[in-house]
$ cat model_24.cif   # mmCIF, C-alpha atoms
data_upload
#
loop_
_atom_site.label_atom_id
_atom_site.label_comp_id
_atom_site.auth_asym_id
_atom_site.auth_seq_id
_atom_site.Cartn_x
_atom_site.Cartn_y
_atom_site.Cartn_z
CA MET A 15 -16.94 7.63 20.97
CA LEU A 16 -14.69 10.42 22.25
CA ILE A 17 -11.66 8.56 20.87
CA ALA A 18 -13.37 8.35 17.47
CA TRP A 19 -13.97 12.11 17.44
CA LEU A 20 -10.37 12.79 18.44
CA ALA A 21 -9.24 10.43 15.67
CA GLY A 22 -11.42 12.38 13.24
CA VAL A 23 -9.79 15.68 14.23
CA PHE A 24 -6.36 14.08 13.89
CA GLY A 25 -7.45 12.82 10.48
CA LEU A 26 -8.14 16.41 9.38
CA LEU A 27 -4.53 17.29 10.24
CA ILE A 28 -3.22 14.22 8.41
CA GLY A 29 -5.40 15.15 5.44
CA SER A 30 -3.62 18.51 5.28
CA PHE A 31 -0.29 16.68 5.08
CA LEU A 32 -1.67 14.31 2.45
CA ASN A 33 -2.45 17.36 0.29
CA VAL A 34 1.23 18.28 0.49
CA CYS A 35 2.22 14.76 -0.59
CA ILE A 36 -0.27 14.75 -3.45
CA TYR A 37 1.07 18.01 -4.83
CA ARG A 38 4.80 17.50 -4.23
CA LEU A 39 5.58 13.82 -4.78
CA PRO A 40 4.59 13.72 -8.50
CA ARG A 41 6.80 16.80 -8.96
CA ASP A 42 9.78 15.24 -7.13
CA LEU A 43 9.62 17.87 -4.38
CA SER A 44 10.39 17.29 -0.71
CA VAL A 45 7.36 16.90 1.53
CA VAL A 46 9.35 18.24 4.48
CA ALA A 47 10.76 21.54 3.22
CA PRO A 48 10.01 24.25 2.36
CA ARG A 49 6.88 25.09 4.33
CA SER A 50 3.51 25.04 2.61
CA PHE A 51 3.29 27.62 -0.16
CA CYS A 52 0.80 28.86 -2.72
CA PRO A 53 1.40 27.10 -6.07
CA SER A 54 0.42 30.28 -7.93
CA CYS A 55 2.47 33.05 -6.25
CA ARG A 56 4.86 30.82 -4.23
CA SER A 57 4.12 32.81 -1.04
CA THR A 58 4.64 30.88 2.19
CA ILE A 59 1.35 30.02 3.85
CA ALA A 60 1.11 31.17 7.48
CA TRP A 61 0.04 28.63 10.08
CA TYR A 62 -3.28 30.43 10.63
CA ASP A 63 -4.03 30.08 6.93
CA ASN A 64 -3.28 26.37 7.04
CA VAL A 65 -5.88 25.17 9.53
CA PRO A 66 -7.79 22.21 7.99
CA LEU A 67 -11.22 23.16 6.61
CA LEU A 68 -11.50 26.41 8.59
CA SER A 69 -8.81 28.33 6.70
CA TYR A 70 -10.42 27.48 3.37
CA LEU A 71 -13.72 28.87 4.62
CA PHE A 72 -12.24 32.00 6.21
CA LEU A 73 -10.17 32.78 3.10
CA GLY A 74 -13.15 32.29 0.82
CA GLY A 75 -11.35 29.57 -1.11
CA SER A 76 -8.55 31.83 -2.38
CA CYS A 77 -4.94 32.70 -1.55
CA ARG A 78 -4.54 35.59 0.91
CA HIS A 79 -1.74 37.09 -1.20
CA CYS A 80 -2.55 36.61 -4.88
CA LYS A 81 -6.25 35.72 -4.62
CA ALA A 82 -5.76 32.66 -6.80
CA PRO A 83 -8.47 30.06 -6.17
CA ILE A 84 -7.61 27.19 -3.85
CA PRO A 85 -8.72 23.88 -5.42
CA ILE A 86 -11.75 22.41 -3.65
CA ARG A 87 -9.79 19.16 -3.52
CA TYR A 88 -7.81 20.44 -0.53
CA PRO A 89 -10.68 20.74 1.98
CA LEU A 90 -12.40 17.67 0.52
CA ILE A 91 -9.33 15.50 1.14
CA GLU A 92 -8.98 16.88 4.67
CA LEU A 93 -12.64 16.15 5.35
CA PHE A 94 -12.58 12.68 3.81
CA THR A 95 -9.44 11.72 5.74
CA GLY A 96 -11.09 12.89 8.95
CA ILE A 97 -14.18 10.83 8.14
CA CYS A 98 -12.04 7.74 7.46
CA PHE A 99 -10.20 8.11 10.77
CA PHE A 100 -13.46 8.65 12.65
CA ALA A 101 -15.06 5.65 10.93
CA ALA A 102 -12.04 3.45 11.67
CA PHE A 103 -12.24 3.99 15.41
CA SER A 104 -16.03 3.75 15.36
CA ARG A 105 -16.11 0.49 13.42
CA PHE A 106 -13.03 -1.15 14.97
CA PRO A 107 -13.00 -0.50 18.72
CA LEU A 108 -9.65 -2.26 19.26
CA TYR A 109 -6.75 0.19 19.03
CA TRP A 110 -4.30 -1.47 16.61
CA PRO A 111 -6.88 -2.62 14.02
CA ALA A 112 -8.30 0.91 13.96
CA VAL A 113 -4.82 2.44 13.56
CA LYS A 114 -4.11 0.01 10.73
CA ILE A 115 -7.27 1.09 8.90
CA CYS A 116 -6.33 4.75 9.39
CA VAL A 117 -2.88 4.16 7.92
CA ILE A 118 -4.04 2.27 4.84
CA SER A 119 -6.78 4.86 4.32
CA ALA A 120 -4.21 7.68 4.29
CA ILE A 121 -1.98 5.76 1.89
CA LEU A 122 -4.86 4.97 -0.45
CA ILE A 123 -6.17 8.55 -0.49
CA VAL A 124 -2.81 9.78 -1.77
CA LEU A 125 -2.59 7.04 -4.41
CA ILE A 126 -6.16 7.50 -5.60
CA VAL A 127 -5.70 11.22 -6.17
CA THR A 128 -2.19 11.17 -7.65
CA ASP A 129 -3.13 8.47 -10.14
CA PHE A 130 -6.33 10.28 -11.08
CA GLU A 131 -4.62 13.65 -11.53
CA GLU A 132 -1.13 12.76 -12.72
CA ARG A 133 -1.28 9.03 -13.62
CA ILE A 134 1.45 8.52 -11.02
CA LEU A 135 1.55 6.13 -8.07
CA PRO A 136 4.45 7.28 -5.86
CA GLU A 137 6.65 4.41 -4.74
CA GLU A 138 7.04 6.08 -1.34
CA PHE A 139 3.42 5.02 -0.74
CA THR A 140 3.29 1.76 -2.73
CA LEU A 141 6.57 0.05 -1.87
CA GLY A 142 6.89 1.93 1.41
CA GLY A 143 3.29 1.05 2.21
CA THR A 144 4.00 -2.63 1.57
CA LEU A 145 6.68 -2.60 4.27
CA VAL A 146 4.29 -0.85 6.64
CA GLY A 147 1.63 -3.49 5.90
CA LEU A 148 4.09 -6.27 6.73
CA VAL A 149 4.91 -4.62 10.05
CA PHE A 150 1.22 -4.25 10.90
CA ALA A 151 0.70 -7.95 10.15
CA VAL A 152 2.77 -8.73 13.24
CA PHE A 153 0.49 -6.67 15.51
CA VAL A 154 -2.87 -7.19 13.77
CA PRO A 155 -3.08 -10.88 12.82
CA LEU A 156 -4.14 -11.91 9.33
CA ARG A 157 -5.38 -15.40 8.63
CA ASP A 158 -6.17 -17.08 5.35
CA PRO A 159 -7.19 -20.74 4.84
CA ILE A 160 -4.49 -21.20 2.20
CA LEU A 161 -1.83 -21.06 4.92
CA ASP A 162 -3.43 -23.64 7.21
CA ALA A 163 -1.66 -26.41 5.35
CA LEU A 164 1.78 -24.84 5.79
CA PRO A 165 4.03 -25.96 8.67
CA ILE A 166 4.07 -22.52 10.30
CA ARG A 167 3.73 -22.17 14.05
CA GLY A 168 2.91 -19.02 15.95
CA ALA A 169 0.14 -16.50 15.22
CA HIS A 170 2.52 -13.62 14.52
CA LEU A 171 4.69 -15.58 12.10
CA LEU A 172 1.61 -17.00 10.38
CA SER A 173 0.17 -13.51 9.99
CA LEU A 174 3.43 -12.13 8.61
CA SER A 175 3.63 -15.04 6.15
CA GLU A 176 0.05 -14.40 5.05
CA SER A 177 0.83 -10.72 4.52
CA ALA A 178 3.96 -11.43 2.47
CA LEU A 179 2.26 -14.14 0.42
CA ALA A 180 -0.75 -11.92 -0.24
CA ALA A 181 1.54 -9.09 -1.37
CA ALA A 182 3.41 -11.40 -3.74
CA ILE A 183 0.32 -13.12 -5.20
CA SER A 184 -1.83 -9.99 -5.59
CA GLY A 185 1.00 -7.98 -7.13
CA GLY A 186 1.99 -10.95 -9.30
CA THR A 187 -1.60 -11.48 -10.42
CA LEU A 188 -1.86 -7.91 -11.63
CA TRP A 189 1.53 -8.14 -13.33
CA LEU A 190 0.38 -11.28 -15.17
CA ILE A 191 -2.84 -9.57 -16.27
CA GLY A 192 -0.78 -6.66 -17.58
CA ALA A 193 1.61 -8.98 -19.41
CA LEU A 194 -1.26 -10.85 -21.08
CA TYR A 195 -2.90 -7.57 -22.06
CA ARG A 196 0.37 -6.35 -23.59
CA LEU A 197 0.78 -9.64 -25.46
CA ILE A 198 -2.75 -9.57 -26.86
CA ARG A 199 -3.26 -5.85 -27.50
CA ARG A 200 0.36 -4.93 -28.30
CA ARG A 201 0.29 -1.96 -25.93
CA GLU A 202 0.70 -1.22 -22.25
CA GLY A 203 -2.41 -1.71 -20.16
CA LEU A 204 -1.03 -1.72 -16.61
CA GLY A 205 2.05 -0.11 -15.20
CA LEU A 206 4.35 -1.29 -12.41
CA GLY A 207 2.72 1.31 -10.18
CA ASP A 208 -0.52 -0.68 -10.25
CA VAL A 209 1.42 -3.86 -9.44
CA PHE A 210 3.16 -2.22 -6.49
CA LEU A 211 -0.17 -0.78 -5.31
CA MET A 212 -1.73 -4.23 -5.20
CA ALA A 213 1.28 -5.63 -3.35
CA MET A 214 0.72 -2.93 -0.73
CA VAL A 215 -2.99 -3.72 -0.51
CA GLY A 216 -2.24 -7.44 -0.14
CA SER A 217 0.18 -6.81 2.70
CA PHE A 218 -2.54 -4.93 4.59
CA VAL A 219 -5.74 -6.88 3.89
CA GLY A 220 -4.51 -10.37 3.00
CA LEU A 221 -4.99 -12.50 -0.07
CA GLU A 222 -8.78 -12.73 0.04
CA GLY A 223 -9.13 -8.98 0.52
CA ALA A 224 -6.63 -8.24 -2.25
CA LEU A 225 -8.44 -10.43 -4.78
CA LEU A 226 -11.72 -8.80 -3.79
CA THR A 227 -10.06 -5.42 -4.32
CA ILE A 228 -9.03 -6.41 -7.86
CA ALA A 229 -12.58 -7.55 -8.60
CA ILE A 230 -14.19 -4.35 -7.29
CA GLY A 231 -11.61 -2.10 -8.94
CA SER A 232 -11.92 -3.87 -12.29
CA VAL A 233 -15.71 -3.67 -12.38
CA LEU A 234 -15.78 -0.06 -11.18
CA GLY A 235 -12.99 1.00 -13.54
CA SER A 236 -14.47 -0.74 -16.56
CA ALA A 237 -17.95 0.68 -16.01
CA THR A 238 -16.71 4.20 -15.33
CA GLY A 239 -14.26 4.09 -18.24
CA LEU A 240 -16.87 2.95 -20.72
CA VAL A 241 -19.30 5.68 -19.63
CA TYR A 242 -16.61 8.38 -19.73
CA ILE A 243 -15.28 7.31 -23.13
CA SER A 244 -18.81 7.33 -24.53
CA VAL A 245 -19.84 10.68 -23.03
CA ALA A 246 -16.54 12.49 -23.67
CA ARG A 247 -16.08 10.81 -27.08
CA LYS A 248 -12.57 9.64 -26.22
CA ASP A 249 -10.62 7.16 -28.30
CA SER A 250 -10.77 3.87 -26.40
CA ALA A 251 -7.50 2.76 -28.00
CA THR A 252 -5.51 5.68 -26.57
CA TYR A 253 -7.38 6.74 -23.44
CA GLN A 254 -5.36 5.99 -20.29
CA LEU A 255 -7.66 4.89 -17.49
CA PRO A 256 -6.41 5.71 -13.98
CA PHE A 257 -6.83 2.07 -12.94
CA GLY A 258 -4.86 2.61 -9.75
CA SER A 259 -7.51 5.06 -8.57
CA PHE A 260 -10.23 2.44 -8.94
CA LEU A 261 -8.10 -0.21 -7.25
CA GLY A 262 -7.58 2.25 -4.40
CA ILE A 263 -11.32 2.83 -4.08
CA GLY A 264 -11.87 -0.93 -4.09
CA ALA A 265 -9.23 -1.35 -1.38
CA LEU A 266 -10.94 1.29 0.79
CA VAL A 267 -14.23 -0.56 0.44
CA VAL A 268 -12.54 -3.83 1.40
CA ALA A 269 -10.69 -2.28 4.35
CA PHE A 270 -13.90 -1.03 5.91
CA PHE A 271 -16.54 -3.50 4.69
CA SER A 272 -14.87 -6.83 3.85
CA ALA A 273 -16.66 -8.63 6.69
CA THR A 274 -20.02 -7.22 5.57
CA ILE A 275 -19.36 -8.17 1.94
CA ASN A 276 -18.36 -11.72 2.86
CA ALA A 277 -21.41 -12.15 5.08
CA TRP A 278 -23.65 -10.91 2.25
CA TYR A 279 -22.00 -13.07 -0.42
CA PHE A 280 -21.28 -16.28 1.50
CA GLY A 281 -23.94 -16.04 4.17
CA PRO A 282 -23.78 -15.27 7.89
CA GLY A 283 -21.89 -18.45 8.63
CA MET A 284 -18.63 -17.20 7.04
#
$ encode --input "model_24.cif" --output "structure tokens"
Amino acid sequence: MLIAWLAGVFGLLIGSFLNVCIYRLPRDLSVVAPRSFCPSCRSTIAWYDNVPLLSYLFLGGSCRHCKAPIPIRYPLIELFTGICFFAAFSRFPLYWPAVKICVISAILIVLIVTDFEERILPEEFTLGGTLVGLVFAVFVPLRDPILDALPIRGAHLLSLSESALAAAISGGTLWLIGALYRLIRRREGLGLGDVFLMAMVGSFVGLEGALLTIAIGSVLGSATGLVYISVARKDSATYQLPFGSFLGIGALVVAFFSATINAWYFGPGM
């Protein structure tokens, strides 16, 4: 349990960095330099004003220099990232599987927020995340029944093949859905960012998990979109749903609870 708590604290620090990525990547800014600054007055933020959660509380939710309000999103993302890291090491006691869940959680948090706020899914986290997922497949084996018929020997090679195949099929499936939507409705429904996101998810969770992600994200996105369009009186023909955000939420659910979902749906024997 001590390791889980330490992972949670580390997650708070990672969450602070994720906030930097969320703000800078959609604006084509470097996430390395310059140091953290206030978006309102551009003043450099001192290290003691950049402590996850605590600095927000001590500063009263405003910049020390210009008193501009600090968005509540910043501490919430730090807290949620810490919770994800804590939960990963609590739920998956083996080291590498827990690390893998932490990494995909961090990637998904960035993608969920950037798509929701800016309708952008940075390729540094989609395409780059796909490569990371393929690497993890070597250390944390994936298995899917569809590959049992293939003449592949060796657990590591089989897992890597499953990861690559899942990335290709899940990304391709979403691309095909988008192409059909464009053909039928004569307008864009899905962007390449969503396709790349699903390729990343497939590389991490495998084909079964990726398809489950698409199902959860589609249901959640459709229901939320319909309610929002109705309440806010938006034009359904022009409203752009942040579908990547809902796919990201679905992927988080799958990453942490896929075994529970499968046991509930298929029965304890699966």
$ residues_near_point --input "model_24.cif" --point "(-5.3, -14.1, -1.5)" --cutoff "12 Å" --atoms "all atoms listed in the file" --output "MDAnalysis selection string"
chainID A and resid 156:161 175:187 212:213 215:228
$ resolve_selection --input "model_24.cif" --expression "the PyMOL selection byres ((chain A and resi 123) around 10)" --output "VMD selection string"
chain A and resid 29 32 to 33 36 91 94 to 95 98 118 to 122 124 to 128 259 262 to 263 266
$ closest_residue --input "model_24.cif" --among "A:Leu141, A:Ile134, A:Leu148, A:Leu197" --to "A:Phe257" --atoms "only C-alpha atoms"
A:Ile134
$ residues_around --input "model_24.cif" --residues "A:Leu16" --least-positions-apart "2" --cutoff "10 Å" --atoms "only C-alpha atoms" --output "number ranges by chain"
A: 18-22, 100, 103-104
$ atom_distance --input "model_24.cif" --atom1 "atom CA of A:Val152" --atom2 "atom CA of A:Leu171"
7.2 Å
$ decode --input "model_24.cif" --residues "stretch 106-184 of chain A" --atoms "C-alpha atoms" --output "PDB file, in the first residue's frame"
ATOM      1  CA  PHE A 106      -2.512  -4.096 -10.256  1.00  0.00           C
ATOM      2  CA  PRO A 107       0.089  -5.207  -7.706  1.00  0.00           C
ATOM      3  CA  LEU A 108       2.618  -6.267 -10.369  1.00  0.00           C
ATOM      4  CA  TYR A 109       4.996  -3.426 -11.233  1.00  0.00           C
ATOM      5  CA  TRP A 110       4.930  -3.264 -15.048  1.00  0.00           C
ATOM      6  CA  PRO A 111       1.143  -3.636 -15.488  1.00  0.00           C
ATOM      7  CA  ALA A 112       0.633  -0.847 -12.949  1.00  0.00           C
ATOM      8  CA  VAL A 113       3.170   1.391 -14.709  1.00  0.00           C
ATOM      9  CA  LYS A 114       1.431   0.708 -18.014  1.00  0.00           C
ATOM     10  CA  ILE A 115      -1.919   1.792 -16.576  1.00  0.00           C
ATOM     11  CA  CYS A 116      -0.314   4.949 -15.169  1.00  0.00           C
ATOM     12  CA  VAL A 117       1.153   5.836 -18.563  1.00  0.00           C
ATOM     13  CA  ILE A 118      -2.039   5.331 -20.549  1.00  0.00           C
ATOM     14  CA  SER A 119      -3.972   7.230 -17.878  1.00  0.00           C
ATOM     15  CA  ALA A 120      -1.651  10.232 -18.231  1.00  0.00           C
ATOM     16  CA  ILE A 121      -1.907  10.121 -22.025  1.00  0.00           C
ATOM     17  CA  LEU A 122      -5.692   9.875 -21.950  1.00  0.00           C
ATOM     18  CA  ILE A 123      -6.099  12.722 -19.447  1.00  0.00           C
ATOM     19  CA  VAL A 124      -4.274  15.077 -21.807  1.00  0.00           C
ATOM     20  CA  LEU A 125      -6.296  13.930 -24.824  1.00  0.00           C
ATOM     21  CA  ILE A 126      -9.634  14.102 -23.024  1.00  0.00           C
ATOM     22  CA  VAL A 127      -9.067  17.692 -21.916  1.00  0.00           C
ATOM     23  CA  THR A 128      -7.475  19.055 -25.101  1.00  0.00           C
ATOM     24  CA  ASP A 129     -10.249  17.633 -27.258  1.00  0.00           C
ATOM     25  CA  PHE A 130     -12.920  18.949 -24.913  1.00  0.00           C
ATOM     26  CA  GLU A 131     -11.418  22.438 -24.702  1.00  0.00           C
ATOM     27  CA  GLU A 132      -9.790  22.941 -28.087  1.00  0.00           C
ATOM     28  CA  ARG A 133     -11.093  20.067 -30.288  1.00  0.00           C
ATOM     29  CA  ILE A 134      -7.455  19.041 -30.727  1.00  0.00           C
ATOM     30  CA  LEU A 135      -5.822  15.656 -30.129  1.00  0.00           C
ATOM     31  CA  PRO A 136      -2.048  16.286 -30.127  1.00  0.00           C
ATOM     32  CA  GLU A 137      -0.156  13.754 -32.220  1.00  0.00           C
ATOM     33  CA  GLU A 138       2.633  13.761 -29.637  1.00  0.00           C
ATOM     34  CA  PHE A 139       0.205  11.803 -27.442  1.00  0.00           C
ATOM     35  CA  THR A 140      -1.732   9.837 -30.079  1.00  0.00           C
ATOM     36  CA  LEU A 141       0.967   8.665 -32.483  1.00  0.00           C
ATOM     37  CA  GLY A 142       3.674   8.892 -29.832  1.00  0.00           C
ATOM     38  CA  GLY A 143       1.415   7.007 -27.437  1.00  0.00           C
ATOM     39  CA  THR A 144       0.918   4.252 -30.008  1.00  0.00           C
ATOM     40  CA  LEU A 145       4.674   3.634 -30.100  1.00  0.00           C
ATOM     41  CA  VAL A 146       4.758   3.577 -26.305  1.00  0.00           C
ATOM     42  CA  GLY A 147       1.895   1.055 -26.281  1.00  0.00           C
ATOM     43  CA  LEU A 148       3.799  -1.211 -28.673  1.00  0.00           C
ATOM     44  CA  VAL A 149       6.852  -1.093 -26.420  1.00  0.00           C
ATOM     45  CA  PHE A 150       4.762  -1.936 -23.355  1.00  0.00           C
ATOM     46  CA  ALA A 151       3.292  -4.918 -25.212  1.00  0.00           C
ATOM     47  CA  VAL A 152       6.722  -6.547 -25.044  1.00  0.00           C
ATOM     48  CA  PHE A 153       6.872  -6.265 -21.245  1.00  0.00           C
ATOM     49  CA  VAL A 154       3.183  -6.644 -20.368  1.00  0.00           C
ATOM     50  CA  PRO A 155       1.801  -9.469 -22.538  1.00  0.00           C
ATOM     51  CA  LEU A 156      -1.446  -9.016 -24.445  1.00  0.00           C
ATOM     52  CA  ARG A 157      -3.383 -11.998 -25.704  1.00  0.00           C
ATOM     53  CA  ASP A 158      -6.399 -12.146 -27.957  1.00  0.00           C
ATOM     54  CA  PRO A 159      -8.078 -15.309 -29.329  1.00  0.00           C
ATOM     55  CA  ILE A 160      -7.908 -13.952 -32.877  1.00  0.00           C
ATOM     56  CA  LEU A 161      -4.143 -14.491 -32.886  1.00  0.00           C
ATOM     57  CA  ASP A 162      -4.216 -18.091 -31.685  1.00  0.00           C
ATOM     58  CA  ALA A 163      -4.591 -19.292 -35.250  1.00  0.00           C
ATOM     59  CA  LEU A 164      -1.532 -17.397 -36.470  1.00  0.00           C
ATOM     60  CA  PRO A 165       1.846 -19.178 -36.710  1.00  0.00           C
ATOM     61  CA  ILE A 166       3.506 -16.919 -34.135  1.00  0.00           C
ATOM     62  CA  ARG A 167       5.788 -18.376 -31.493  1.00  0.00           C
ATOM     63  CA  GLY A 168       6.944 -16.662 -28.340  1.00  0.00           C
ATOM     64  CA  ALA A 169       4.838 -14.742 -25.807  1.00  0.00           C
ATOM     65  CA  HIS A 170       6.592 -11.420 -26.411  1.00  0.00           C
ATOM     66  CA  LEU A 171       6.267 -11.570 -30.193  1.00  0.00           C
ATOM     67  CA  LEU A 172       2.645 -12.683 -29.908  1.00  0.00           C
ATOM     68  CA  SER A 173       1.894  -9.791 -27.573  1.00  0.00           C
ATOM     69  CA  LEU A 174       3.597  -7.275 -29.864  1.00  0.00           C
ATOM     70  CA  SER A 175       1.653  -8.657 -32.837  1.00  0.00           C
ATOM     71  CA  GLU A 176      -1.594  -8.367 -30.899  1.00  0.00           C
ATOM     72  CA  SER A 177      -0.778  -4.766 -29.988  1.00  0.00           C
ATOM     73  CA  ALA A 178       0.055  -3.803 -33.581  1.00  0.00           C
ATOM     74  CA  LEU A 179      -2.987  -5.598 -34.986  1.00  0.00           C
ATOM     75  CA  ALA A 180      -5.268  -4.005 -32.400  1.00  0.00           C
ATOM     76  CA  ALA A 181      -3.877  -0.555 -33.235  1.00  0.00           C
ATOM     77  CA  ALA A 182      -4.446  -1.102 -36.952  1.00  0.00           C
ATOM     78  CA  ILE A 183      -7.946  -2.594 -36.643  1.00  0.00           C
ATOM     79  CA  SER A 184      -9.274  -0.162 -34.027  1.00  0.00           C
TER      80      SER A 184
END
